[in-house]
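Engineer: This is the content of coords_21.tsv (TSV, C-alpha atoms):
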chain	number	residue	atom	x	y	z
A	1	MET	CA	-26.59	7.88	-22.63
A	2	ASN	CA	-29.38	5.43	-21.82
A	3	ASP	CA	-28.82	1.72	-21.95
A	4	PRO	CA	-30.79	0.56	-25.02
A	5	GLN	CA	-29.01	3.17	-27.13
A	6	GLN	CA	-25.67	2.02	-25.78
A	7	ALA	CA	-26.52	-1.58	-26.63
A	8	ILE	CA	-27.40	-0.62	-30.21
A	9	ARG	CA	-24.13	1.25	-30.61
A	10	GLU	CA	-22.17	-1.70	-29.31
A	11	LYS	CA	-23.96	-4.03	-31.68
A	12	GLN	CA	-23.19	-1.76	-34.63
A	13	PHE	CA	-19.59	-1.56	-33.47
A	14	GLU	CA	-19.19	-5.34	-33.27
A	15	ALA	CA	-20.83	-5.70	-36.70
A	16	LYS	CA	-18.35	-3.25	-38.16
A	17	ILE	CA	-15.43	-5.32	-36.90
A	18	ALA	CA	-17.06	-8.54	-38.10
A	19	ARG	CA	-17.23	-6.96	-41.59
A	20	ASP	CA	-13.46	-6.39	-41.35
A	21	GLU	CA	-13.87	-2.63	-41.19
A	22	LYS	CA	-11.21	-0.80	-39.19
A	23	ILE	CA	-11.77	1.31	-36.12
A	24	GLU	CA	-10.00	4.69	-36.22
A	25	PRO	CA	-9.08	6.93	-33.26
A	26	LYS	CA	-12.00	9.34	-33.44
A	27	ASP	CA	-14.64	6.62	-33.99
A	28	TRP	CA	-16.92	5.71	-31.14
A	29	MET	CA	-15.75	2.59	-29.30
A	30	PRO	CA	-16.84	0.74	-26.17
A	31	GLU	CA	-14.80	1.69	-23.12
A	32	LYS	CA	-13.70	-1.92	-22.73
A	33	TYR	CA	-12.31	-1.93	-26.28
A	34	ARG	CA	-10.33	1.21	-25.51
A	35	GLN	CA	-8.96	-0.13	-22.24
A	36	THR	CA	-8.06	-3.54	-23.65
A	37	HIS	CA	-6.20	-1.88	-26.52
A	38	ILE	CA	-4.35	0.52	-24.27
A	39	ARG	CA	-3.27	-2.44	-22.17
A	40	GLN	CA	-2.16	-4.64	-25.05
A	41	ILE	CA	-0.51	-1.97	-27.22
A	42	SER	CA	1.36	-0.40	-24.32
A	43	GLN	CA	2.49	-3.80	-23.06
A	44	HIS	CA	3.77	-4.45	-26.54
A	45	ALA	CA	5.56	-1.07	-26.67
A	46	HIS	CA	7.13	-1.65	-23.24
A	47	SER	CA	8.39	-5.06	-24.43
A	48	GLU	CA	10.13	-3.49	-27.40
A	49	VAL	CA	11.81	-0.90	-25.21
A	50	VAL	CA	12.84	-3.24	-22.37
A	51	GLY	CA	13.91	-5.71	-25.06
A	52	MET	CA	16.76	-3.39	-25.97
A	53	LEU	CA	18.44	-3.98	-22.61
A	54	PRO	CA	19.54	-7.63	-22.82
A	55	GLU	CA	20.93	-7.08	-26.32
A	56	GLY	CA	22.47	-3.71	-25.55
A	57	ASN	CA	24.64	-5.65	-23.12
A	58	TRP	CA	26.64	-7.05	-26.07
A	59	ILE	CA	26.96	-4.09	-28.44
A	60	THR	CA	30.39	-3.08	-27.14
A	61	ARG	CA	31.57	-6.69	-27.11
A	62	ALA	CA	30.30	-7.94	-30.46
A	63	PRO	CA	33.02	-10.18	-31.96
A	64	THR	CA	33.37	-8.33	-35.29
A	65	LEU	CA	32.43	-4.99	-36.81
A	66	ARG	CA	29.91	-6.77	-39.06
A	67	ARG	CA	28.16	-8.24	-36.02
A	68	LYS	CA	28.33	-4.94	-34.21
A	69	VAL	CA	26.67	-2.81	-36.90
A	70	ALA	CA	23.96	-5.46	-37.30
A	71	LEU	CA	23.27	-5.59	-33.57
A	72	LEU	CA	23.24	-1.80	-33.31
A	73	ALA	CA	20.75	-1.61	-36.17
A	74	LYS	CA	18.59	-4.28	-34.55
A	75	VAL	CA	18.53	-2.55	-31.17
A	76	GLN	CA	17.71	0.74	-32.89
A	77	ASP	CA	14.82	-1.01	-34.64
A	78	GLU	CA	13.47	-2.16	-31.26
A	79	ALA	CA	13.49	1.48	-30.12
A	80	GLY	CA	11.67	2.41	-33.33
A	81	HIS	CA	9.09	-0.33	-32.79
A	82	GLY	CA	8.48	0.90	-29.27
A	83	LEU	CA	7.93	4.41	-30.63
A	84	TYR	CA	5.48	3.30	-33.37
A	85	LEU	CA	3.50	1.45	-30.74
A	86	TYR	CA	3.52	4.20	-28.11
A	87	ALA	CA	2.26	6.61	-30.79
A	88	ALA	CA	-0.52	4.16	-31.75
A	89	CYS	CA	-1.44	3.77	-28.10
A	90	GLU	CA	-1.60	7.53	-27.54
A	91	THR	CA	-4.33	7.81	-30.19
A	92	LEU	CA	-6.58	6.10	-27.61
A	93	GLY	CA	-6.34	9.13	-25.36
A	94	VAL	CA	-3.56	8.14	-22.97
A	95	SER	CA	-0.39	10.24	-22.67
A	96	ARG	CA	3.16	9.03	-23.15
A	97	ASP	CA	3.99	10.05	-19.60
A	98	GLU	CA	1.15	7.97	-18.19
A	99	LEU	CA	2.36	4.98	-20.16
A	100	TYR	CA	5.92	5.33	-18.85
A	101	GLU	CA	4.59	5.80	-15.35
A	102	GLN	CA	2.64	2.53	-15.65
A	103	LEU	CA	5.79	0.72	-16.77
A	104	HIS	CA	8.02	2.23	-14.10
A	105	SER	CA	5.59	1.60	-11.26
A	106	GLY	CA	5.19	-2.04	-12.30
A	107	LYS	CA	1.49	-1.56	-13.08
A	108	ALA	CA	2.05	-2.41	-16.75
A	109	LYS	CA	3.69	-5.64	-17.82
A	110	TYR	CA	6.19	-6.35	-20.57
A	111	SER	CA	7.23	-9.64	-22.13
A	112	SER	CA	8.77	-11.86	-19.46
A	113	ILE	CA	11.43	-13.15	-21.81
A	114	PHE	CA	13.47	-9.97	-21.29
A	115	ASN	CA	13.96	-10.81	-17.63
A	116	TYR	CA	16.50	-13.46	-18.56
A	117	PRO	CA	20.21	-12.53	-18.71
A	118	THR	CA	22.43	-12.54	-21.80
A	119	ILE	CA	25.57	-14.15	-20.44
A	120	THR	CA	27.38	-15.18	-23.63
A	121	TRP	CA	27.56	-13.92	-27.22
A	122	ALA	CA	25.53	-16.96	-28.30
A	123	ASP	CA	22.60	-15.51	-26.36
A	124	ILE	CA	22.41	-12.74	-28.96
A	125	GLY	CA	22.08	-15.42	-31.63
A	126	ALA	CA	19.44	-17.29	-29.62
A	127	ILE	CA	17.42	-14.13	-29.01
A	128	GLY	CA	17.32	-13.20	-32.69
A	129	TRP	CA	16.51	-16.72	-33.80
A	130	LEU	CA	14.06	-17.79	-31.09
A	131	VAL	CA	12.72	-14.67	-29.37
A	132	ASP	CA	12.28	-12.66	-32.56
A	133	GLY	CA	11.06	-15.81	-34.30
A	134	ALA	CA	8.36	-16.26	-31.67
A	135	ALA	CA	7.55	-12.55	-31.79
A	136	ILE	CA	7.02	-12.72	-35.57
A	137	ILE	CA	4.56	-15.58	-35.19
A	138	ASN	CA	2.69	-13.59	-32.54
A	139	GLN	CA	2.76	-10.37	-34.54
A	140	VAL	CA	1.95	-11.30	-38.13
A	141	PRO	CA	-1.78	-11.85	-37.39
A	142	LEU	CA	-1.88	-8.39	-35.75
A	143	CYS	CA	-1.25	-6.70	-39.11
A	144	ASN	CA	-4.97	-7.39	-39.66
A	145	THR	CA	-6.23	-6.37	-36.25
A	146	SER	CA	-9.30	-4.15	-35.98
A	147	TYR	CA	-7.74	-0.99	-34.56
A	148	GLY	CA	-6.27	0.95	-37.50
A	149	PRO	CA	-3.27	2.62	-35.84
A	150	TYR	CA	-2.19	-0.66	-34.21
A	151	ALA	CA	-2.52	-2.59	-37.48
A	152	ARG	CA	-0.48	0.04	-39.34
A	153	ALA	CA	2.26	0.00	-36.70
A	154	MET	CA	2.39	-3.80	-36.84
A	155	ILE	CA	2.79	-3.85	-40.61
A	156	ARG	CA	5.86	-1.68	-40.23
A	157	VAL	CA	7.20	-3.77	-37.33
A	158	CYS	CA	6.75	-7.07	-39.18
A	159	LYS	CA	8.55	-5.77	-42.26
A	160	GLU	CA	11.61	-5.02	-40.14
A	161	GLU	CA	11.52	-8.07	-37.91
A	162	SER	CA	12.68	-10.72	-40.36
A	163	PHE	CA	16.17	-9.22	-40.56
A	164	HIS	CA	16.36	-9.66	-36.78
A	165	GLN	CA	15.63	-13.34	-36.94
A	166	ARG	CA	18.00	-13.99	-39.81
A	167	GLN	CA	20.90	-12.19	-38.12
A	168	GLY	CA	20.30	-14.30	-34.99
A	169	TYR	CA	20.17	-17.59	-36.85
A	170	GLU	CA	23.34	-16.67	-38.73
A	171	ILE	CA	25.16	-16.13	-35.42
A	172	MET	CA	23.99	-19.54	-34.18
A	173	MET	CA	24.93	-21.21	-37.45
A	174	LYS	CA	28.44	-19.77	-37.34
A	175	LEU	CA	28.98	-20.86	-33.73
A	176	ALA	CA	27.49	-24.31	-34.36
A	177	ASN	CA	29.97	-24.81	-37.22
A	178	GLY	CA	32.89	-23.45	-35.19
A	179	THR	CA	35.23	-24.98	-32.60
A	180	PRO	CA	33.82	-27.49	-30.08
A	181	GLU	CA	33.77	-24.67	-27.50
A	182	GLN	CA	31.80	-22.40	-29.83
A	183	LYS	CA	29.33	-25.17	-30.63
A	184	ALA	CA	28.89	-25.86	-26.91
A	185	MET	CA	28.22	-22.16	-26.35
A	186	ALA	CA	25.49	-22.20	-29.01
A	187	GLN	CA	23.94	-25.34	-27.52
A	188	ASP	CA	24.02	-23.81	-24.03
A	189	ALA	CA	22.21	-20.69	-25.28
A	190	LEU	CA	19.56	-22.84	-26.99
A	191	ASN	CA	19.15	-24.83	-23.76
A	192	ARG	CA	18.51	-21.69	-21.76
A	193	TRP	CA	16.28	-19.82	-24.27
A	194	TRP	CA	14.14	-22.65	-25.63
A	195	TRP	CA	11.60	-22.96	-22.82
A	196	PRO	CA	11.24	-19.24	-22.09
A	197	SER	CA	10.63	-18.77	-25.85
A	198	LEU	CA	7.77	-21.29	-25.74
A	199	MET	CA	6.32	-19.36	-22.80
A	200	MET	CA	6.22	-16.20	-24.93
A	201	PHE	CA	2.96	-17.46	-26.46
A	202	GLY	CA	1.30	-17.14	-23.09
A	203	PRO	CA	-0.61	-19.60	-20.91
A	204	THR	CA	-2.32	-22.66	-22.40
A	205	ASP	CA	-5.70	-22.07	-24.02
A	206	ALA	CA	-7.43	-23.61	-21.00
A	207	GLU	CA	-5.81	-21.00	-18.73
A	208	SER	CA	-5.93	-17.98	-21.01
A	209	VAL	CA	-8.45	-15.40	-19.80
A	210	HIS	CA	-8.50	-12.92	-22.66
A	211	THR	CA	-8.79	-15.21	-25.67
A	212	GLU	CA	-12.49	-15.09	-26.54
A	213	GLN	CA	-12.90	-11.32	-26.46
A	214	SER	CA	-9.55	-10.83	-28.18
A	215	MET	CA	-10.55	-13.15	-31.02
A	216	LYS	CA	-13.72	-11.13	-31.59
A	217	TRP	CA	-11.77	-7.89	-31.79
A	218	LYS	CA	-9.09	-9.50	-33.96
A	219	LEU	CA	-6.43	-8.82	-31.38
A	220	LYS	CA	-5.88	-12.53	-31.76
A	221	ARG	CA	-6.52	-14.76	-34.72
A	222	LYS	CA	-5.09	-18.03	-33.44
A	223	SER	CA	-4.94	-19.37	-29.89
A	224	ASN	CA	-1.78	-19.43	-27.76
A	225	ASP	CA	-1.43	-23.19	-28.16
A	226	GLU	CA	-1.84	-23.06	-31.94
A	227	LEU	CA	0.83	-20.38	-32.27
A	228	ARG	CA	3.17	-22.26	-29.93
A	229	GLN	CA	2.80	-25.40	-32.01
A	230	GLN	CA	3.50	-23.43	-35.18
A	231	PHE	CA	6.70	-22.08	-33.64
A	232	ILE	CA	7.90	-25.51	-32.55
A	233	ASP	CA	7.15	-27.09	-35.91
A	234	GLN	CA	9.04	-24.41	-37.75
A	235	THR	CA	12.02	-24.20	-35.36
A	236	VAL	CA	12.90	-27.88	-34.79
A	237	PRO	CA	14.12	-28.46	-38.37
A	238	GLN	CA	16.12	-25.21	-38.18
A	239	ALA	CA	17.95	-26.55	-35.10
A	240	GLU	CA	18.59	-29.89	-36.79
A	241	LEU	CA	19.99	-28.15	-39.85
A	242	ILE	CA	22.81	-26.59	-37.83
A	243	GLY	CA	23.37	-29.64	-35.63
A	244	LEU	CA	21.90	-28.31	-32.39
A	245	THR	CA	19.60	-30.28	-30.10
A	246	ILE	CA	16.30	-28.96	-28.74
A	247	PRO	CA	16.46	-29.48	-24.93
A	248	ASP	CA	13.27	-31.53	-24.68
A	249	PRO	CA	13.55	-35.33	-24.23
A	250	ASP	CA	9.83	-35.70	-25.03
A	251	LEU	CA	10.08	-33.95	-28.39
A	252	LYS	CA	9.11	-36.25	-31.27
A	253	TRP	CA	7.42	-36.08	-34.63
A	254	ASN	CA	3.79	-37.16	-34.61
A	255	GLU	CA	3.00	-38.56	-38.03
A	256	ALA	CA	-0.77	-38.52	-37.46
A	257	ARG	CA	-0.86	-34.87	-36.38
A	258	GLN	CA	1.90	-33.82	-38.80
A	259	SER	CA	3.35	-31.88	-35.88
A	260	TYR	CA	5.85	-32.30	-33.07
A	261	ASP	CA	4.72	-33.56	-29.67
A	262	PHE	CA	6.59	-31.82	-26.87
A	263	GLY	CA	7.17	-32.09	-23.14
A	264	PRO	CA	5.45	-30.18	-20.34
A	265	ILE	CA	6.22	-26.46	-19.88
A	266	ASP	CA	7.22	-25.29	-16.41
A	267	TRP	CA	4.40	-22.82	-15.82
A	268	ASP	CA	5.52	-22.17	-12.24
A	269	GLU	CA	8.67	-20.61	-13.64
A	270	PHE	CA	6.56	-18.54	-16.06
A	271	TRP	CA	4.36	-17.12	-13.30
A	272	GLN	CA	7.34	-16.48	-11.05
A	273	VAL	CA	8.96	-14.34	-13.75
A	274	VAL	CA	5.66	-12.59	-14.57
A	275	LYS	CA	5.24	-11.73	-10.90
A	276	GLY	CA	8.64	-10.08	-10.81
A	277	HIS	CA	10.88	-12.87	-9.52
A	278	GLY	CA	12.81	-13.62	-12.72
A	279	PRO	CA	16.60	-13.35	-12.81
A	280	CYS	CA	16.66	-9.75	-14.13
A	281	ASN	CA	13.29	-8.10	-13.38
A	282	LYS	CA	14.80	-5.60	-10.92
A	283	GLU	CA	17.82	-4.86	-13.08
A	284	ARG	CA	15.63	-4.14	-16.13
A	285	MET	CA	13.30	-1.81	-14.25
A	286	ASN	CA	16.18	0.01	-12.57
A	287	ALA	CA	17.76	0.60	-15.96
A	288	ARG	CA	14.51	2.02	-17.38
A	289	VAL	CA	13.69	4.18	-14.40
A	290	SER	CA	17.17	5.64	-14.13
A	291	ALA	CA	17.30	6.36	-17.88
A	292	TRP	CA	14.00	8.23	-17.52
A	293	LYS	CA	15.05	10.14	-14.42
A	294	GLU	CA	18.54	11.01	-15.57
A	295	GLY	CA	17.17	12.18	-18.91
A	296	GLU	CA	14.70	14.57	-17.30
A	297	TRP	CA	16.98	17.62	-17.32
A	298	VAL	CA	17.73	17.06	-21.00
A	299	ARG	CA	14.02	16.93	-21.86
A	300	ASP	CA	13.36	20.04	-19.80
A	301	ALA	CA	16.29	21.92	-21.30
A	302	ALA	CA	15.15	21.06	-24.84
A	303	MET	CA	11.65	22.32	-24.05
A	304	CYS	CA	13.05	25.54	-22.54
A	305	TYR	CA	15.24	26.13	-25.56
A	306	ALA	CA	12.34	25.53	-27.96
A	307	GLU	CA	10.19	28.04	-26.09
A	308	LYS	CA	12.97	30.62	-26.02
A	309	LYS	CA	13.52	30.25	-29.76
A	310	ALA	CA	9.78	30.50	-30.46
A	311	ALA	CA	9.54	33.67	-28.33
A	312	LYS	CA	12.44	35.27	-30.20
A	313	LYS	CA	10.80	34.51	-33.53
A	314	GLU	CA	7.62	36.25	-32.42
A	315	VAL	CA	9.51	39.42	-31.49
A	316	VAL	CA	11.21	39.64	-34.88
B	1	MET	CA	5.37	23.97	-14.37
B	2	LYS	CA	6.37	20.78	-16.12
B	3	LYS	CA	5.86	20.80	-19.86
B	4	ASN	CA	6.01	17.67	-22.00
B	5	TRP	CA	7.29	17.60	-25.54
B	6	PRO	CA	4.35	18.15	-27.88
B	7	LEU	CA	3.09	15.59	-30.38
B	8	TRP	CA	3.92	15.92	-34.11
B	9	GLU	CA	2.43	14.19	-37.14
B	10	VAL	CA	4.90	12.90	-39.70
B	11	PHE	CA	4.30	12.81	-43.47
B	12	VAL	CA	6.79	11.17	-45.81
B	13	ARG	CA	7.17	11.28	-49.59
B	14	SER	CA	8.54	7.85	-50.46
B	15	LYS	CA	9.84	8.97	-53.86
B	16	ASN	CA	9.52	11.92	-56.17
B	17	GLY	CA	6.31	11.74	-58.13
B	18	LEU	CA	4.34	10.45	-55.14
B	19	GLU	CA	2.48	12.50	-52.53
B	20	HIS	CA	3.50	12.82	-48.88
B	21	ARG	CA	1.65	10.22	-46.85
B	22	HIS	CA	0.92	10.11	-43.12
B	23	PHE	CA	3.46	7.75	-41.50
B	24	GLY	CA	2.75	8.22	-37.80
B	25	SER	CA	3.53	10.58	-34.98
B	26	LEU	CA	6.22	11.33	-32.43
B	27	HIS	CA	7.17	13.72	-29.64
B	28	ALA	CA	9.74	16.50	-30.03
B	29	ALA	CA	10.52	19.82	-28.39
B	30	ASP	CA	10.44	21.78	-31.65
B	31	ALA	CA	10.02	21.40	-35.41
B	32	GLU	CA	13.71	20.89	-36.06
B	33	MET	CA	13.92	18.06	-33.55
B	34	ALA	CA	10.70	16.60	-34.91
B	35	LEU	CA	12.31	16.38	-38.36
B	36	GLU	CA	15.44	14.74	-36.98
B	37	ASN	CA	13.43	12.25	-34.94
B	38	ALA	CA	11.17	11.51	-37.90
B	39	ARG	CA	14.23	10.65	-39.95
B	40	ASP	CA	15.41	8.14	-37.33
B	41	VAL	CA	12.01	6.68	-36.49
B	42	TYR	CA	10.36	6.47	-39.90
B	43	THR	CA	13.08	6.35	-42.58
B	44	ARG	CA	15.74	3.89	-41.41
B	45	ARG	CA	15.47	1.89	-44.65
B	46	ASN	CA	15.20	4.45	-47.43
B	47	GLU	CA	11.47	4.89	-46.99
B	48	GLY	CA	11.56	8.51	-47.99
B	49	VAL	CA	13.06	11.43	-49.89
B	50	SER	CA	11.16	14.21	-48.11
B	51	ILE	CA	9.57	14.66	-44.68
B	52	TRP	CA	6.90	17.07	-43.41
B	53	VAL	CA	6.17	17.47	-39.72
B	54	VAL	CA	3.25	19.40	-38.29
B	55	GLU	CA	2.31	19.82	-34.67
B	56	SER	CA	-0.74	17.62	-34.06
B	57	LYS	CA	-2.69	20.41	-32.38
B	58	ASN	CA	-2.67	22.35	-35.66
B	59	ILE	CA	-4.65	19.70	-37.49
B	60	THR	CA	-8.41	20.17	-37.67
B	61	ALA	CA	-10.15	16.85	-38.24
B	62	SER	CA	-13.72	16.07	-39.22
B	63	ASN	CA	-15.80	14.24	-36.66
B	64	PRO	CA	-16.89	10.71	-37.64
B	65	GLU	CA	-20.22	11.40	-35.90
B	66	ASN	CA	-20.95	13.85	-38.73
B	67	ASN	CA	-20.06	11.42	-41.49
B	68	GLY	CA	-23.69	11.19	-42.55
B	69	GLU	CA	-24.19	14.84	-43.39
B	70	LEU	CA	-20.65	15.18	-44.75
B	71	PHE	CA	-20.36	12.22	-47.04
B	72	GLU	CA	-23.77	10.71	-47.70
B	73	PRO	CA	-24.97	13.40	-50.13
B	74	ALA	CA	-22.33	12.19	-52.60
B	75	GLN	CA	-23.80	8.69	-52.60
B	76	ASN	CA	-26.95	9.54	-54.58
B	77	LYS	CA	-25.20	11.73	-57.13
B	78	ILE	CA	-24.52	8.86	-59.46
B	79	TYR	CA	-24.62	11.23	-62.44
B	80	ARG	CA	-21.10	12.23	-61.41
B	81	HIS	CA	-19.84	8.88	-62.61
B	82	PRO	CA	-19.26	7.97	-66.28
B	83	THR	CA	-21.31	4.75	-66.00
B	84	PHE	CA	-24.49	6.84	-65.46
B	85	TYR	CA	-24.58	7.68	-69.18
B	86	ASP	CA	-25.89	5.13	-71.68
B	87	LEU	CA	-24.07	5.17	-75.00
B	88	PRO	CA	-24.39	2.84	-78.00
B	89	ASP	CA	-21.90	-0.03	-78.07
B	90	GLU	CA	-20.45	1.28	-81.33
B	91	VAL	CA	-18.86	4.13	-79.40
B	92	LYS	CA	-15.69	2.62	-78.08
B	93	HIS	CA	-13.23	4.21	-75.73
B	94	MET	CA	-15.17	7.09	-74.26
In structure tokens, write the structure found in this file.
Structural biologist:
Amino acid sequence: MNDPQQAIREKQFEAKIARDEKIEPKDWMPEKYRQTHIRQISQHAHSEVVGMLPEGNWITRAPTLRRKVALLAKVQDEAGHGLYLYAACETLGVSRDELYEQLHSGKAKYSSIFNYPTITWADIGAIGWLVDGAAIINQVPLCNTSYGPYARAMIRVCKEESFHQRQGYEIMMKLANGTPEQKAMAQDALNRWWWPSLMMFGPTDAESVHTEQSMKWKLKRKSNDELRQQFIDQTVPQAELIGLTIPDPDLKWNEARQSYDFGPIDWDEFWQVVKGHGPCNKERMNARVSAWKEGEWVRDAAMCYAEKKAAKKEVV
Amino acid sequence: MKKNWPLWEVFVRSKNGLEHRHFGSLHAADAEMALENARDVYTRRNEGVSIWVVESKNITASNPENNGELFEPAQNKIYRHPTFYDLPDEVKHM
């Protein structure tokens, strides 16, 4: 295709998105749109799948049956969310195997938060409350994103996510109202998860490379810093309500801004974890890769069996 | 040769009286497994009372590039709509 024609098509495409029309899989789209969406949707899918690992660590040790069924259901939801998103991503012409390969080889990223360990039961509470809370704030605007299959997957994800946050907060509430040891455990989990949760919104606006293009394509509706502020403003009162303290000495209400001011984020730590040097990066990847490899014979056997059955049917 | 599980499209009837609606897709070795997976992936919260699965390769889809010739002819056939016909105000409810 010659260039002027390409330019016209791109202009029409951008106009369509500006009019809030959706883009569907078979519609023409600029290659950059396709690539950006494959990257973001798959990264999102990988995060859901890797996100099962830190929580899976506590399924067998949940303190009561009530907590156990809830945690099981939550982890199963994360698997489901990963599957919705992989399916949406595949509509862009990439195969599931390629996507797994990108994750396993380290070419594709997933949310850094899952590279932190879950060392006490309170961590399960903190993850639901803070990590899922941050995820909801990130995800709600995506229900309106321009790519149809992604938007539809996100609507389903968001509907299911609020149970996750509530079950987490309930765990924290119970511990915070428990014995001094239990309260200390809850506070310790908050201390360890608070800053990594703030990092989930990504680098500051000044440092963020993808923002402008992503805004145009409605992959983003608010900037990283705006979303982070929203999360802080909504979470601080929730901590106060159950008598826990946010681990930030600089945190204080700013009457003029009607928002909380907060202390500096340790971005060195963020980039270290992104680059693979977090406490659990290796462990997480090993778990994924070995699950994929050790499951191979099962996948092959199922395929063989399906073919054998289909062949038999044809004969009869 | 290595064969991957094929892709299936999932349609769910959310309650009797409503049509099956496209919910999404998934991979499975055969139709039976596709149904089982669809149940776990798409109906964990009572979203459905009936599921259809069909292998994606069996769906023939129209091409959006042909939308003009396919759908535009309907646009100027306004006489297919009730508002095309002028009736006196005295005629109510028609």
Engineer: Using Å and a single decimal, report how far atom CA of B:Asp30 sits from atom CA of A:Ala310.
Structural biologist: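 If I compute the distance from atom CA of A:Ala310 to atom CA of B:Asp30, I get 8.8 Å.
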Engineer: When the cut-off is 9 Å and we count only C-alpha atoms, which residues of chain B are near chain A, given as a list in words?
Structural biologist: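 So the contacting residues turn out to be Lys2, Lys3, Asn4, Trp5, Phe23, Gly24, Ser25, Leu26, His27, Ala28, Ala29, Asp30, Ala31, Asp40, Val41, Tyr42, Arg44, Asn63, Pro64 and Glu65 of chain B.
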Engineer: In Å, rounded to a single decimal, give me how far atom CA of A:Ser162 is from atom CA of A:Ser42.
Structural biologist: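 If I compute the distance from atom CA of A:Ser42 to atom CA of A:Ser162, I get 22.2 Å.
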Engineer: Could you list, as a PyMOL selection string, every residue within 7 Å of A:Asn224, counting all atoms listed in the file and ignoring same-chain residues fewer than 3 positions away?
Structural biologist: chain A and resi 201-205+227-228
Engineer: Could you name the residues that touch A:Arg221 at 10 Å or less, counting only C-alpha atoms, but leaving out those on the same chain fewer than 6 positions away, as a list in words?
Structural biologist: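 Result of the neighbour search: Asn138, Val140, Pro141, Leu142, Asn144, Thr145, Thr211, Ser214, Met215 and Leu227 of chain A.
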Engineer: Write the residues of the selection above to a file with C-alpha atoms, as an mmCIF file, in the frame of the given file.
Structural biologist:
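Produced file again39.cif, reproduced below:
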data_model
loop_
_atom_site.group_PDB
_atom_site.id
_atom_site.type_symbol
_atom_site.label_atom_id
_atom_site.label_comp_id
_atom_site.auth_asym_id
_atom_site.auth_seq_id
_atom_site.Cartn_x
_atom_site.Cartn_y
_atom_site.Cartn_z
ATOM 1 C CA ASN A 138 2.690 -13.590 -32.540
ATOM 2 C CA VAL A 140 1.950 -11.300 -38.130
ATOM 3 C CA PRO A 141 -1.780 -11.850 -37.390
ATOM 4 C CA LEU A 142 -1.880 -8.390 -35.750
ATOM 5 C CA ASN A 144 -4.970 -7.390 -39.660
ATOM 6 C CA THR A 145 -6.230 -6.370 -36.250
ATOM 7 C CA THR A 211 -8.790 -15.210 -25.670
ATOM 8 C CA SER A 214 -9.550 -10.830 -28.180
ATOM 9 C CA MET A 215 -10.550 -13.150 -31.020
ATOM 10 C CA LEU A 227 0.830 -20.380 -32.270
#
Engineer: May I ask for the distance between atom CA of B:His81 and atom CA of B:Arg21, given in Å to one decimal place?
Structural biologist: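 Computed distance, atom CA of B:His81 to atom CA of B:Arg21, equals 26.7 Å.
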Engineer: Give, as lines of an AutoDock Vina configuration file, the centre coordinates and the x, y and z edge lengths in Å to one decimal for an axis-aligned box around all listed atoms of stretch 161-174 of chain A, padded by 5 Å on each side.
Structural biologist:
center_x = 20.0
center_y = -14.6
center_z = -37.4
size_x = 26.9
size_y = 23.1
size_z = 16.4
Engineer: For A:Lys16, work out the shell of residues within 12 Å, counting all atoms listed in the file and skipping chain neighbours fewer than 6 positions away, then give it as a VMD selection string.
Structural biologist: chain A and resid 9 to 10 22 to 24 27 to 29 146 to 147 216 to 218
Engineer: Is there a way to get, as a ChimeraX atom specification, all residues within 10 Å of the point (2.0, 21.9, -37.3) in file coordinates, counting all atoms listed in the file?
Structural biologist: /B:7-10,31,52-59
Engineer: Need to verify the contact set: stretch 164-172 of chain A, 12 Å, all atoms listed in the file, exclusion of same-chain residues closer than 5 positions in sequence. Can you return it as a PyMOL selection string?
Structural biologist: chain A and resi 55+62-64+66-78+120-137+157-159+177-178+182-190+235+238-244
